[in-house]
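Colleague: My file is data_32.txt. It has compact mmCIF, C-alpha atoms:
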# COMPACT_ATOMS: atom_id res chain seq x y z
CA MET A 189 131.01 -18.70 55.37
CA LEU A 190 129.00 -19.97 58.34
CA ASP A 191 126.35 -17.41 59.26
CA ALA A 192 125.44 -17.66 62.95
CA ARG A 193 124.11 -14.11 63.28
CA GLY A 194 121.01 -13.97 65.45
CA LEU A 195 121.51 -17.48 66.79
CA SER A 196 121.86 -17.84 70.53
CA CYS A 197 124.18 -20.20 72.35
CA PRO A 198 124.82 -23.02 72.09
CA GLU A 199 123.62 -23.04 68.45
CA PRO A 200 126.71 -21.33 66.94
CA VAL A 201 128.97 -23.87 68.68
CA VAL A 202 126.80 -26.75 67.47
CA MET A 203 127.05 -25.26 63.97
CA ILE A 204 130.87 -25.05 63.99
CA ARG A 205 131.14 -28.50 65.53
CA LYS A 206 129.06 -30.00 62.72
CA ALA A 207 131.09 -28.09 60.13
CA MET A 208 134.33 -29.38 61.63
CA ALA A 209 133.25 -32.93 60.82
CA SER A 210 134.49 -32.12 57.30
CA LYS A 211 138.05 -31.82 58.72
CA ALA A 212 138.78 -28.71 56.65
CA ASN A 213 141.79 -26.57 57.54
CA GLU A 214 139.91 -23.29 57.54
CA TYR A 215 136.45 -22.03 58.39
CA THR A 216 134.95 -18.57 58.54
CA MET A 217 132.02 -17.81 60.80
CA VAL A 218 130.16 -14.59 61.48
CA VAL A 219 128.36 -14.04 64.79
CA ASP A 220 126.68 -10.96 66.26
CA ASN A 221 127.22 -11.21 70.00
CA VAL A 222 130.18 -11.43 72.36
CA THR A 223 129.03 -14.63 74.06
CA SER A 224 128.89 -16.54 70.76
CA LYS A 225 132.29 -15.11 69.77
CA GLU A 226 133.80 -16.32 73.05
CA ASN A 227 132.13 -19.73 72.95
CA VAL A 228 133.01 -20.52 69.33
CA THR A 229 136.59 -19.32 69.88
CA ARG A 230 136.94 -21.48 72.97
CA TYR A 231 135.55 -24.56 71.22
CA ALA A 232 137.72 -24.10 68.12
CA GLU A 233 140.85 -23.64 70.24
CA HIS A 234 139.99 -26.84 72.13
CA GLN A 235 139.92 -28.61 68.75
CA GLY A 236 143.42 -27.36 67.93
CA TYR A 237 142.48 -24.41 65.70
CA THR A 238 143.69 -20.84 66.02
CA VAL A 239 141.10 -18.11 65.80
CA THR A 240 141.44 -14.52 64.67
CA VAL A 241 138.55 -12.13 65.14
CA SER A 242 137.64 -8.95 63.29
CA GLU A 243 134.77 -6.72 64.39
CA ASN A 244 132.57 -4.65 62.15
CA GLY A 245 129.55 -2.79 63.55
CA GLY A 246 128.75 -5.32 66.27
CA GLU A 247 129.34 -8.34 64.03
CA TYR A 248 132.36 -10.56 64.55
CA THR A 249 134.01 -12.48 61.75
CA LEU A 250 135.95 -15.45 63.09
CA THR A 251 138.68 -16.92 60.92
CA ILE A 252 139.36 -20.39 62.22
CA LYS A 253 142.54 -22.11 60.96
CA LYS A 254 144.45 -25.33 61.69
CA MET B 275 139.72 -13.19 78.00
CA LYS B 276 141.81 -16.36 77.78
CA LEU B 277 140.28 -19.62 78.98
CA LYS B 278 142.45 -19.86 82.11
CA ASN B 279 141.41 -16.33 83.12
CA GLU B 280 137.78 -17.07 82.23
CA LYS B 281 137.80 -20.12 84.50
CA LEU B 282 139.41 -18.17 87.35
CA ALA B 283 136.88 -15.35 86.90
CA ILE B 284 133.85 -17.61 86.97
CA ALA B 285 135.21 -19.60 89.93
CA LEU B 286 135.75 -16.38 91.92
CA ALA B 287 132.35 -15.04 90.86
CA GLY B 288 130.72 -18.32 91.90
CA LEU B 289 132.43 -18.20 95.30
CA GLY B 290 131.27 -14.61 95.80
CA ILE B 291 127.71 -15.42 94.75
CA GLY B 292 127.58 -18.45 97.07
CA ILE B 293 128.68 -16.32 100.03
CA ILE B 294 126.19 -13.54 99.15
CA ALA B 295 123.40 -16.14 98.95
CA ALA B 296 124.22 -17.49 102.43
CA LEU B 297 124.43 -13.95 103.86
CA LEU B 298 121.00 -13.04 102.43
CA VAL B 299 119.55 -15.83 104.59
CA LEU B 300 121.40 -14.39 107.60
CA PHE B 301 119.85 -10.98 106.80
CA GLY B 302 116.33 -12.38 106.65
CA ASN B 303 115.60 -14.41 103.49
CA PRO B 304 114.00 -17.87 103.94
CA THR B 305 116.32 -20.79 104.67
CA ASN B 306 118.25 -22.06 101.62
CA MET B 307 116.67 -19.21 99.65
CA GLY B 308 119.35 -16.56 99.47
CA PHE B 309 118.47 -16.60 95.81
CA CYS B 310 115.68 -18.44 94.05
CA ILE B 311 114.64 -16.91 90.76
CA ALA B 312 111.44 -18.96 90.57
CA CYS B 313 110.44 -18.23 94.17
CA PHE B 314 111.29 -14.55 93.86
CA LEU B 315 109.34 -14.14 90.60
CA ARG B 316 106.42 -15.95 92.28
CA ASP B 317 106.68 -13.63 95.31
CA THR B 318 106.87 -10.62 92.99
CA ALA B 319 103.79 -11.85 91.09
CA GLY B 320 102.03 -12.05 94.46
CA GLY B 321 103.31 -8.63 95.52
CA LEU B 322 101.84 -7.21 92.31
CA LYS B 323 98.55 -9.02 93.14
CA LEU B 324 98.71 -11.35 90.15
CA HIS B 325 97.88 -14.18 92.55
CA SER B 326 96.36 -14.20 96.01
CA ALA B 327 98.41 -16.79 97.92
CA ALA B 328 98.91 -14.74 101.08
CA VAL B 329 102.16 -16.44 102.15
CA VAL B 330 104.13 -15.70 98.95
CA GLN B 331 103.60 -12.00 98.24
CA TYR B 332 106.58 -9.66 98.23
CA VAL B 333 108.22 -7.67 95.45
CA ARG B 334 111.76 -9.07 95.70
CA PRO B 335 114.43 -6.40 95.23
CA GLU B 336 116.92 -9.11 94.25
CA ILE B 337 115.09 -9.58 90.91
CA ILE B 338 115.19 -5.83 90.23
CA GLY B 339 118.88 -5.77 91.12
CA LEU B 340 119.76 -8.73 88.90
CA VAL B 341 118.22 -7.12 85.81
CA LEU B 342 119.66 -3.67 86.52
CA GLY B 343 123.09 -5.09 87.46
CA SER B 344 123.21 -6.87 84.13
CA PHE B 345 121.94 -3.77 82.31
CA ILE B 346 124.62 -1.54 83.88
CA MET B 347 127.46 -4.01 83.31
CA ALA B 348 126.42 -4.72 79.72
CA SER B 349 126.15 -0.97 79.03
CA LEU B 350 129.59 -0.26 80.51
CA ASN B 351 131.13 -2.98 78.33
CA LYS B 352 129.22 -1.96 75.20
CA GLU B 353 127.45 -5.34 75.17
CA TRP B 354 123.96 -3.92 75.66
CA ALA B 355 122.12 -4.71 72.43
CA PRO B 356 118.36 -4.64 71.91
CA LYS B 357 117.35 -7.73 69.96
CA GLY B 358 114.51 -10.22 69.75
CA GLY B 359 112.04 -11.95 67.48
CA SER B 360 113.15 -15.56 67.97
CA ALA B 361 109.84 -17.36 68.57
CA PRO B 362 108.72 -15.13 71.48
CA LEU B 363 105.39 -16.87 72.11
CA THR B 364 107.06 -20.29 72.14
CA ARG B 365 109.53 -18.90 74.67
CA PHE B 366 106.63 -17.55 76.76
CA ILE B 367 105.07 -21.02 76.84
CA LEU B 368 108.40 -22.65 77.71
CA GLY B 369 108.87 -20.08 80.49
CA PHE B 370 105.38 -20.84 81.78
CA PHE B 371 106.04 -24.58 82.06
CA VAL B 372 109.56 -24.11 83.44
CA MET B 373 107.88 -22.26 86.32
CA VAL B 374 105.39 -25.12 86.75
CA GLY B 375 108.38 -27.48 87.10
CA CYS B 376 110.20 -25.15 89.48
CA LEU B 377 107.21 -24.78 91.78
CA ALA B 378 106.54 -28.55 91.76
CA PHE B 379 110.10 -28.94 93.07
CA LEU B 380 110.00 -25.69 95.11
CA GLY B 381 112.94 -23.89 93.60
CA CYS B 382 114.84 -22.96 90.48
CA PRO B 383 118.20 -24.52 89.53
CA PHE B 384 119.96 -21.80 91.58
CA ARG B 385 117.99 -22.70 94.70
CA MET B 386 118.57 -26.39 93.97
CA ILE B 387 122.30 -25.74 94.46
CA LEU B 388 121.64 -23.68 97.59
CA ARG B 389 119.39 -26.42 98.98
CA LEU B 390 122.16 -28.96 98.39
CA ALA B 391 124.58 -26.59 100.15
CA GLY B 392 122.16 -26.45 103.09
CA GLY B 393 122.15 -30.25 103.40
CA ASP B 394 118.70 -30.74 101.80
CA LEU B 395 119.06 -34.16 100.17
CA ASN B 396 115.66 -33.84 98.45
CA ALA B 397 117.52 -31.58 96.04
CA VAL B 398 119.65 -34.58 94.97
CA PHE B 399 116.49 -35.99 93.36
CA GLY B 400 115.89 -32.61 91.78
CA LEU B 401 119.43 -32.65 90.41
CA ILE B 402 118.88 -36.12 88.91
CA GLY B 403 115.77 -34.88 87.12
CA PHE B 404 117.50 -31.65 86.09
CA VAL B 405 120.38 -33.55 84.44
CA ALA B 406 117.91 -35.92 82.74
CA GLY B 407 115.97 -32.95 81.37
CA ILE B 408 119.14 -31.30 80.06
CA LEU B 409 120.11 -34.56 78.35
CA CYS B 410 116.72 -34.55 76.60
CA GLY B 411 117.38 -30.98 75.44
CA VAL B 412 120.91 -31.85 74.29
CA PHE B 413 119.48 -34.70 72.20
CA PHE B 414 117.33 -32.22 70.28
CA LEU B 415 120.15 -29.65 70.01
CA ASN B 416 122.30 -32.32 68.40
CA LYS B 417 119.47 -33.08 65.96
CA GLY B 418 119.24 -29.43 64.88
CA TYR B 419 116.75 -27.86 67.33
CA SER B 420 116.50 -24.08 66.89
CA LEU B 421 114.04 -21.30 67.70
CA LYS B 422 115.56 -19.44 64.72
CA ARG B 423 117.23 -16.08 64.62
CA THR B 424 116.90 -12.90 66.63
CA TYR B 425 116.99 -9.48 64.96
CA LYS B 426 117.95 -5.99 66.05
CA GLN B 427 115.18 -4.11 67.82
CA PRO B 428 114.58 -0.42 68.63
CA LYS B 429 116.42 0.82 71.74
CA LEU B 430 113.19 1.40 73.64
CA GLU B 431 112.16 -2.22 73.06
CA GLY B 432 115.40 -3.45 74.64
CA ALA B 433 115.28 -0.90 77.45
CA ALA B 434 111.63 -1.54 78.37
CA PHE B 435 112.30 -4.44 80.74
CA PRO B 436 115.01 -2.65 82.78
CA ILE B 437 112.74 0.45 82.88
CA ILE B 438 109.90 -1.71 84.24
CA GLN B 439 112.27 -2.84 87.03
CA VAL B 440 112.95 0.78 87.98
CA ILE B 441 109.20 1.47 88.08
CA VAL B 442 108.59 -1.59 90.28
CA LEU B 443 111.40 -0.40 92.59
CA VAL B 444 109.76 3.03 92.85
CA LEU B 445 106.46 1.32 93.73
CA LEU B 446 108.19 -0.80 96.38
CA VAL B 447 109.99 2.11 98.01
CA GLY B 448 107.54 4.97 97.53
CA PHE B 449 104.08 3.51 96.97
CA SER B 450 104.13 0.26 98.95
CA SER B 451 100.45 0.59 99.89
CA LEU B 452 99.64 -0.39 96.30
CA LEU B 453 101.41 -3.74 96.74
CA ALA B 454 100.65 -6.90 98.72
CA PHE B 455 102.99 -8.06 101.49
CA SER B 456 102.92 -11.47 103.18
CA GLU B 457 102.55 -11.38 106.95
CA SER B 458 103.58 -15.01 107.38
CA GLY B 459 105.28 -17.74 105.33
CA PRO B 460 108.24 -17.43 102.93
CA GLY B 461 107.03 -14.10 101.52
CA SER B 462 107.30 -12.47 104.94
CA LYS B 463 110.95 -13.42 105.29
CA HIS B 464 113.27 -11.06 103.51
CA ALA B 465 116.49 -9.12 103.86
CA PRO B 466 116.22 -5.31 104.08
CA ILE B 467 115.49 -3.73 100.70
CA ILE B 468 118.85 -2.00 100.35
CA ILE B 469 120.81 -5.19 101.10
CA ALA B 470 118.65 -7.32 98.78
CA LEU B 471 118.93 -4.74 96.00
CA ALA B 472 122.71 -4.45 96.40
CA ALA B 473 123.05 -8.25 96.38
CA GLY B 474 121.00 -8.42 93.19
CA LEU B 475 123.07 -5.70 91.53
CA ILE B 476 126.37 -7.41 92.39
CA VAL B 477 125.22 -10.88 91.35
CA GLY B 478 123.60 -9.49 88.20
CA ALA B 479 126.83 -7.77 87.19
CA LEU B 480 128.93 -10.87 87.96
CA ALA B 481 126.55 -13.18 86.09
CA GLN B 482 126.57 -10.86 83.08
CA ARG B 483 130.35 -10.78 82.89
CA THR B 484 130.87 -14.51 83.43
CA ARG B 485 127.76 -15.76 81.47
CA LEU B 486 126.94 -17.86 84.56
CA CYS B 487 124.15 -20.34 83.82
CA MET B 488 123.06 -23.38 85.79
CA VAL B 489 121.72 -25.15 82.69
CA GLY B 490 124.64 -24.10 80.49
CA GLY B 491 127.13 -25.67 82.92
CA ILE B 492 125.79 -29.19 82.53
CA ARG B 493 124.72 -28.69 78.87
CA ASP B 494 128.17 -27.55 77.73
CA ALA B 495 129.93 -30.29 79.70
CA VAL B 496 127.80 -32.93 77.94
CA LEU B 497 127.66 -31.29 74.52
CA PHE B 498 131.21 -29.96 74.08
CA ARG B 499 133.24 -31.31 77.03
CA GLU B 500 133.49 -27.64 78.07
CA PHE B 501 133.55 -27.17 81.84
CA LYS B 502 133.82 -23.39 82.30
CA LEU B 503 130.18 -22.75 83.24
CA LEU B 504 130.04 -25.90 85.37
CA LEU B 505 132.89 -24.46 87.42
CA GLY B 506 130.67 -21.51 88.41
CA PHE B 507 127.92 -23.94 89.43
CA ILE B 508 130.37 -25.91 91.62
CA ALA B 509 131.92 -22.75 93.12
CA ILE B 510 128.49 -21.49 94.25
CA PHE B 511 127.84 -24.85 95.93
CA VAL B 512 131.21 -24.93 97.71
CA ALA B 513 131.03 -21.32 98.92
CA ALA B 514 127.42 -21.61 100.12
CA LEU B 515 128.20 -24.94 101.85
CA VAL B 516 131.21 -23.51 103.72
CA ALA B 517 129.32 -20.29 104.60
CA ASN B 518 126.32 -22.32 105.83
CA LEU B 519 128.54 -24.53 108.00
CA ILE B 520 130.25 -21.48 109.50
CA LEU B 521 126.92 -19.71 110.14
CA ASN B 522 125.45 -22.92 111.57
CA GLY B 523 128.20 -22.96 114.17
CA THR B 524 127.94 -19.29 115.06
CA GLN B 525 124.23 -18.40 114.77
CA GLU B 526 121.09 -19.61 116.54
CA ALA B 527 119.19 -20.26 113.31
CA THR B 528 119.77 -23.44 111.28
CA PHE B 529 121.76 -22.93 108.09
CA PHE B 530 122.74 -26.57 107.48
CA LYS B 531 120.74 -29.70 108.19
CA LEU B 532 121.59 -32.95 106.42
CA GLY B 533 118.68 -35.17 105.36
CA THR B 534 115.39 -35.29 103.51
CA GLN B 535 112.92 -34.70 106.36
CA SER B 536 111.68 -31.34 107.69
CA GLN B 537 113.79 -29.30 105.29
CA ALA B 538 112.85 -25.65 104.79
CA VAL B 539 110.39 -24.98 101.93
CA SER B 540 111.02 -28.46 100.54
CA HIS B 541 109.17 -31.74 100.12
CA SER B 542 110.20 -35.38 99.99
CA ALA B 543 107.78 -36.54 97.25
CA GLN B 544 110.84 -37.61 95.30
CA LEU B 545 109.15 -38.63 92.03
CA TRP B 546 107.84 -35.08 91.72
CA ASN B 547 111.19 -33.58 92.66
CA VAL B 548 112.66 -35.59 89.76
CA LEU B 549 109.89 -34.86 87.24
CA GLY B 550 109.58 -31.19 88.22
CA MET B 551 113.26 -30.51 87.68
CA MET B 552 113.30 -32.69 84.56
CA LEU B 553 110.73 -30.29 83.11
CA VAL B 554 112.94 -27.37 84.20
CA GLY B 555 116.12 -28.85 82.70
CA PHE B 556 114.43 -29.76 79.42
CA GLY B 557 112.60 -26.45 79.05
CA CYS B 558 115.61 -24.32 79.98
CA THR B 559 117.88 -26.16 77.54
CA LEU B 560 115.40 -25.35 74.78
CA LEU B 561 115.34 -21.72 75.98
CA GLY B 562 119.15 -21.50 75.98
CA GLY B 563 119.53 -20.82 79.68
CA CYS B 564 118.22 -21.10 83.23
CA PRO B 565 115.83 -18.55 84.81
CA LEU B 566 118.80 -16.57 86.18
CA ARG B 567 120.34 -16.38 82.71
CA GLN B 568 117.01 -15.24 81.25
CA LEU B 569 116.95 -12.31 83.71
CA ILE B 570 120.54 -11.41 82.83
CA LEU B 571 119.87 -11.56 79.08
CA ALA B 572 116.73 -9.47 79.56
CA GLY B 573 118.96 -6.86 81.24
CA GLU B 574 121.30 -6.99 78.22
CA GLY B 575 118.41 -5.97 75.94
CA ASN B 576 117.24 -9.40 74.81
CA THR B 577 113.46 -9.05 74.49
CA ASP B 578 112.99 -12.79 73.90
CA SER B 579 114.38 -13.39 77.38
CA ALA B 580 112.15 -10.62 78.74
CA VAL B 581 109.15 -12.44 77.23
CA THR B 582 110.44 -15.67 78.80
CA VAL B 583 110.53 -13.96 82.21
CA LEU B 584 106.94 -12.78 81.65
CA GLY B 585 106.09 -16.43 80.93
CA LEU B 586 107.74 -17.41 84.21
CA ILE B 587 105.74 -14.74 86.10
CA VAL B 588 102.42 -15.73 84.52
CA GLY B 589 103.30 -19.38 85.18
CA ALA B 590 103.86 -18.53 88.86
CA ALA B 591 100.51 -16.75 89.05
CA PHE B 592 98.75 -19.74 87.46
CA CYS B 593 100.52 -22.12 89.84
CA HIS B 594 99.07 -20.35 92.86
CA ASN B 595 95.69 -19.46 91.35
CA PHE B 596 95.05 -23.05 90.21
CA GLY B 597 96.76 -25.01 92.98
CA LEU B 598 99.64 -26.33 90.86
CA ALA B 599 102.53 -25.53 93.22
CA GLY B 600 104.00 -28.17 95.50
CA ALA B 601 103.46 -28.01 99.25
CA ALA B 602 106.34 -28.34 101.70
CA ASP B 603 106.47 -31.34 104.04
CA SER B 604 104.78 -30.60 107.35
CA VAL B 605 103.79 -32.07 110.71
CA ASN B 606 100.06 -32.19 111.55
CA ASP B 607 98.38 -31.51 114.89
CA ALA B 608 98.68 -35.20 115.80
CA GLY B 609 102.45 -34.97 115.31
CA GLU B 610 102.44 -37.07 112.14
CA TYR B 611 104.90 -36.21 109.39
CA ILE B 612 103.02 -35.28 106.19
CA VAL B 613 104.89 -35.61 102.91
CA GLY B 614 104.12 -32.61 100.70
CA GLY B 615 104.63 -32.21 96.97
CA PRO B 616 102.24 -31.12 94.24
CA GLY B 617 98.55 -32.06 94.42
CA ILE B 618 96.68 -33.71 91.57
CA ASN B 619 96.44 -30.41 89.62
CA GLY B 620 100.19 -29.88 89.92
CA LYS B 621 101.00 -33.45 88.88
CA VAL B 622 98.81 -33.13 85.79
CA ALA B 623 100.46 -29.77 84.99
CA VAL B 624 103.97 -31.26 85.23
CA ILE B 625 103.07 -34.17 82.93
CA LEU B 626 101.32 -31.78 80.54
CA GLY B 627 104.40 -29.56 80.65
CA LEU B 628 106.69 -32.45 79.71
CA ILE B 629 104.38 -33.27 76.78
CA VAL B 630 104.19 -29.65 75.58
CA VAL B 631 107.96 -29.14 75.86
CA THR B 632 108.56 -32.38 73.94
CA ILE B 633 106.18 -31.23 71.18
CA ILE B 634 107.96 -27.84 70.99
CA ALA B 635 111.30 -29.63 70.77
CA CYS B 636 110.09 -32.00 68.02
CA VAL B 637 108.42 -29.31 65.92
CA ASN B 638 111.49 -27.04 66.08
CA THR B 639 113.85 -29.92 65.32
CA PHE B 640 112.11 -32.12 62.77
CA GLY B 641 109.72 -29.53 61.32
CA LYS B 642 110.29 -27.93 57.95
CA LYS B 643 113.82 -26.51 57.92
CA GLU B 644 114.07 -22.76 57.42
CA GLU B 645 117.16 -21.20 55.84
CA LYS B 646 120.01 -21.04 58.32
Just give me the structure as structure tokens.

Modeller:
Amino acid sequence: MLDARGLSCPEPVVMIRKAMASKANEYTMVVDNVTSKENVTRYAEHQGYTVTVSENGGEYTLTIKK
Amino acid sequence: MKLKNEKLAIALAGLGIGIIAALLVLFGNPTNMGFCIACFLRDTAGGLKLHSAAVVQYVRPEIIGLVLGSFIMASLNKEWAPKGGSAPLTRFILGFFVMVGCLAFLGCPFRMILRLAGGDLNAVFGLIGFVAGILCGVFFLNKGYSLKRTYKQPKLEGAAFPIIQVIVLVLLVGFSSLLAFSESGPGSKHAPIIIALAAGLIVGALAQRTRLCMVGGIRDAVLFREFKLLLGFIAIFVAALVANLILNGTQEATFFKLGTQSQAVSHSAQLWNVLGMMLVGFGCTLLGGCPLRQLILAGEGNTDSAVTVLGLIVGAAFCHNFGLAGAADSVNDAGEYIVGGPGINGKVAVILGLIVVTIIACVNTFGKKEEK
């Protein structure tokens, strides 16, 4: 679980980019603002992943899969 | 919103903002200054008597509108969220020196685009410095730079900055005798309050929805090969350029003049155009966004951005109280062309700013790592 709550852009995207260096097939990241959700989703989709988002009380859990 | 729709939305928003910026000049704002966050915060600081430079004193309704437009749009979309606590004093200092850089160049990144769209080639040197500064910031981001996390704040904390804007608007409209107003110079040139406020509200709402950011455009293109925000940057330039060319052909005033000499509120001391905007690009990358974006985030309830804007305002007051701001090029009584730019105080402040920003970047990158 990558915890990007409270981090402002572009830090969550930098975090997922560094994590993706491991070439894993699945990552989970939690963010707490819409901009980070959009930016991480966009970056992951550019890298060929599909992203599903679930919201809970203003926090977004992003499941990022190959 | 899917990426294709996002790109279309930001391109349309950028085109709209570029046209609004050109029209604000038609309605009375200074040339190539439909919007300039740095200049307008400086004018507002003067209007509130935080500095005494008589030619740059006017509470700009555009600033009020930008914050309130963002606040309203964020509230409607349930994105308004009071939060803060991510190194606020560091952000204040960064905001302070970003303003020093802006006023050495004579404009924020937004005005840099508008100056380019008005044919002011001095802004090309600003753009070179701006990109160089962003590259410095990207280097540190790649190495792990962070001002750490924000946390939820009480509602009143997040609402305080928008409330202050309403109070300043009430002062401007109902108690103007308390404020200072320039009788000559850039501060005396302004669109009617209602038009300026409406323009601010519209642009604030559009910028909130599209996350428009002049720094983010170049930063994301370099860092992630992501061009969405850059598209907004380019759209503003194209729209303002076309609008300026049309207005130039139909109005008496000059809206487009190609060259480096005798440009409006601009100087051709190119080294300081480069270094000033390098300081702006570097500082804003460390802050996570340009001065416009800081205003928009402050409207969304981000108190760190509100503190950054206070840093920008105090920086503007210092610039004019201590002679740090650049002077525009001019022609003297003998008809000689005088190249402007910052004086010795301003040059020292820009160099000092680059040193301070570099130290902040190093400490928050290579310092002891906190839990992430």

Colleague: Calculate how many Å separate CA of Arg493 in chain B from CA of Gly246 in chain A, rounding to one decimal.

Modeller: 26.9 Å

Colleague: So what do you get for CA of Cys593 in chain B versus CA of Leu377 in chain B, distance-wise?

Modeller: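 For CA of Cys593 in chain B relative to CA of Leu377 in chain B, the distance reads 7.5 Å.
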
Colleague: Between A:Leu250, A:Met208, A:Leu195, A:Val202, which residue has the minimum interatomic distance to Lys225 in chain A, considering all atoms listed in the file?

Modeller: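 Nearest candidate to Lys225 in chain A out of A:Leu250, A:Met208, A:Leu195, A:Val202: A:Leu250.
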
Colleague: Could you check how far CA of Ala296 in chain B sits from CA of Leu532 in chain B, in Å to one decimal?

Modeller: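 Separation of CA of Ala296 in chain B and CA of Leu532 in chain B: 16.2 Å.
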
Colleague: Taking 2 positions as the minimum chain separation for residues in the same chain, which residues sit within 7 Å of range 494-506 of chain B when counting all atoms listed in the file? Answer as a PDB file with C-alpha atoms, in the frame of the given file.

Modeller:
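Saved to selection-v4.pdb:
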ATOM      1  CA  LYS B 281     137.800 -20.120  84.500  1.00  0.00           C
ATOM      2  CA  ILE B 284     133.850 -17.610  86.970  1.00  0.00           C
ATOM      3  CA  ALA B 285     135.210 -19.600  89.930  1.00  0.00           C
ATOM      4  CA  GLY B 288     130.720 -18.320  91.900  1.00  0.00           C
ATOM      5  CA  VAL B 412     120.910 -31.850  74.290  1.00  0.00           C
ATOM      6  CA  LEU B 486     126.940 -17.860  84.560  1.00  0.00           C
ATOM      7  CA  CYS B 487     124.150 -20.340  83.820  1.00  0.00           C
ATOM      8  CA  GLY B 490     124.640 -24.100  80.490  1.00  0.00           C
ATOM      9  CA  GLY B 491     127.130 -25.670  82.920  1.00  0.00           C
ATOM     10  CA  ILE B 492     125.790 -29.190  82.530  1.00  0.00           C
ATOM     11  CA  ILE B 508     130.370 -25.910  91.620  1.00  0.00           C
ATOM     12  CA  ALA B 509     131.920 -22.750  93.120  1.00  0.00           C
ATOM     13  CA  ILE B 510     128.490 -21.490  94.250  1.00  0.00           C
TER      14      ILE B 510
END

Colleague: With all atoms listed in the file as the counted atoms, please give the residues lying no more than 7 Å from Thr559 in chain B, apart from itself and same-chain residues fewer than 4 positions off, as a VMD selection string.

Modeller: chain B and resid 408 411 489 555 563

Colleague: Identify every residue of chain B that has at least one atom within 8 Å of any atom of chain A, counting only C-alpha atoms, and report the result as a list of chain:residue names.

Modeller: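 In the required form, that comes to B:Leu277, B:Glu353, B:Leu415, B:Asn416, B:Ser420, B:Lys422, B:Arg423, B:Thr424, B:Tyr425, B:Arg485, B:Asp494, B:Phe498, B:Glu500, B:Gly562, B:Lys646.
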
Colleague: From the options A:Gln235, A:Lys253, A:Glu243, A:Tyr248, which residue's atoms come nearest to Ala209 in chain A, counting all atoms listed in the file?

Modeller: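 Looking at the shortest contact to Ala209 in chain A, the residue is A:Gln235.
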
Colleague: Tell me, as a PyMOL selection string, which residues lie within 9 Å of Pro616 in chain B, counting only C-alpha atoms; anything in the same chain fewer than 3 positions away does not count.

Modeller: chain B and resi 377-379+543+546+597-602+619-621

Colleague: Closest to Leu471 in chain B among B:Pro304, B:Thr364, B:Asp607, B:Val440, using all atoms listed in the file?

Modeller: B:Val440

Colleague: Output as JSON the centre and edge lengths (Å, one decimal) of the box along x, y and z of the file that holds every listed atom of range 218-232 of chain A after adding 6 Å on each side.

Modeller:
{"center_x": 132.2, "center_y": -17.8, "center_z": 67.8, "size_x": 23.0, "size_y": 25.6, "size_z": 24.6}

Colleague: Measuring between all atoms listed in the file, which one of A:Gly236, A:Met189, A:Ser242, A:Ser224 shows the shortest distance to Ala207 in chain A?

Modeller: A:Met189

Colleague: Which neighbours of range 292-294 of chain B fall inside 8 Å, counting only C-alpha atoms, when residues of the same chain fewer than 2 positions from it are skipped, and could you give them as an NGL selection string?

Modeller: :B and (288-290 or 296-298 or 308 or 388 or 473 or 509-514 or 517)

Colleague: Which polymer residues, protein or nucleic acid, are no farther than 12 Å from (120.9, -24.8, 110.3), counting only C-alpha atoms, as an NGL selection string?

Modeller: :B and (296 or 299-300 or 304-306 or 389 or 391-394 or 515 or 517-533 or 536-538)

Colleague: Near Ile570 in chain B, within 8 Å and counting all atoms listed in the file, which residues show up once chain neighbours fewer than 5 positions away are dropped, as number ranges by chain?

Modeller: B: 340-341, 344-345, 478, 481-482
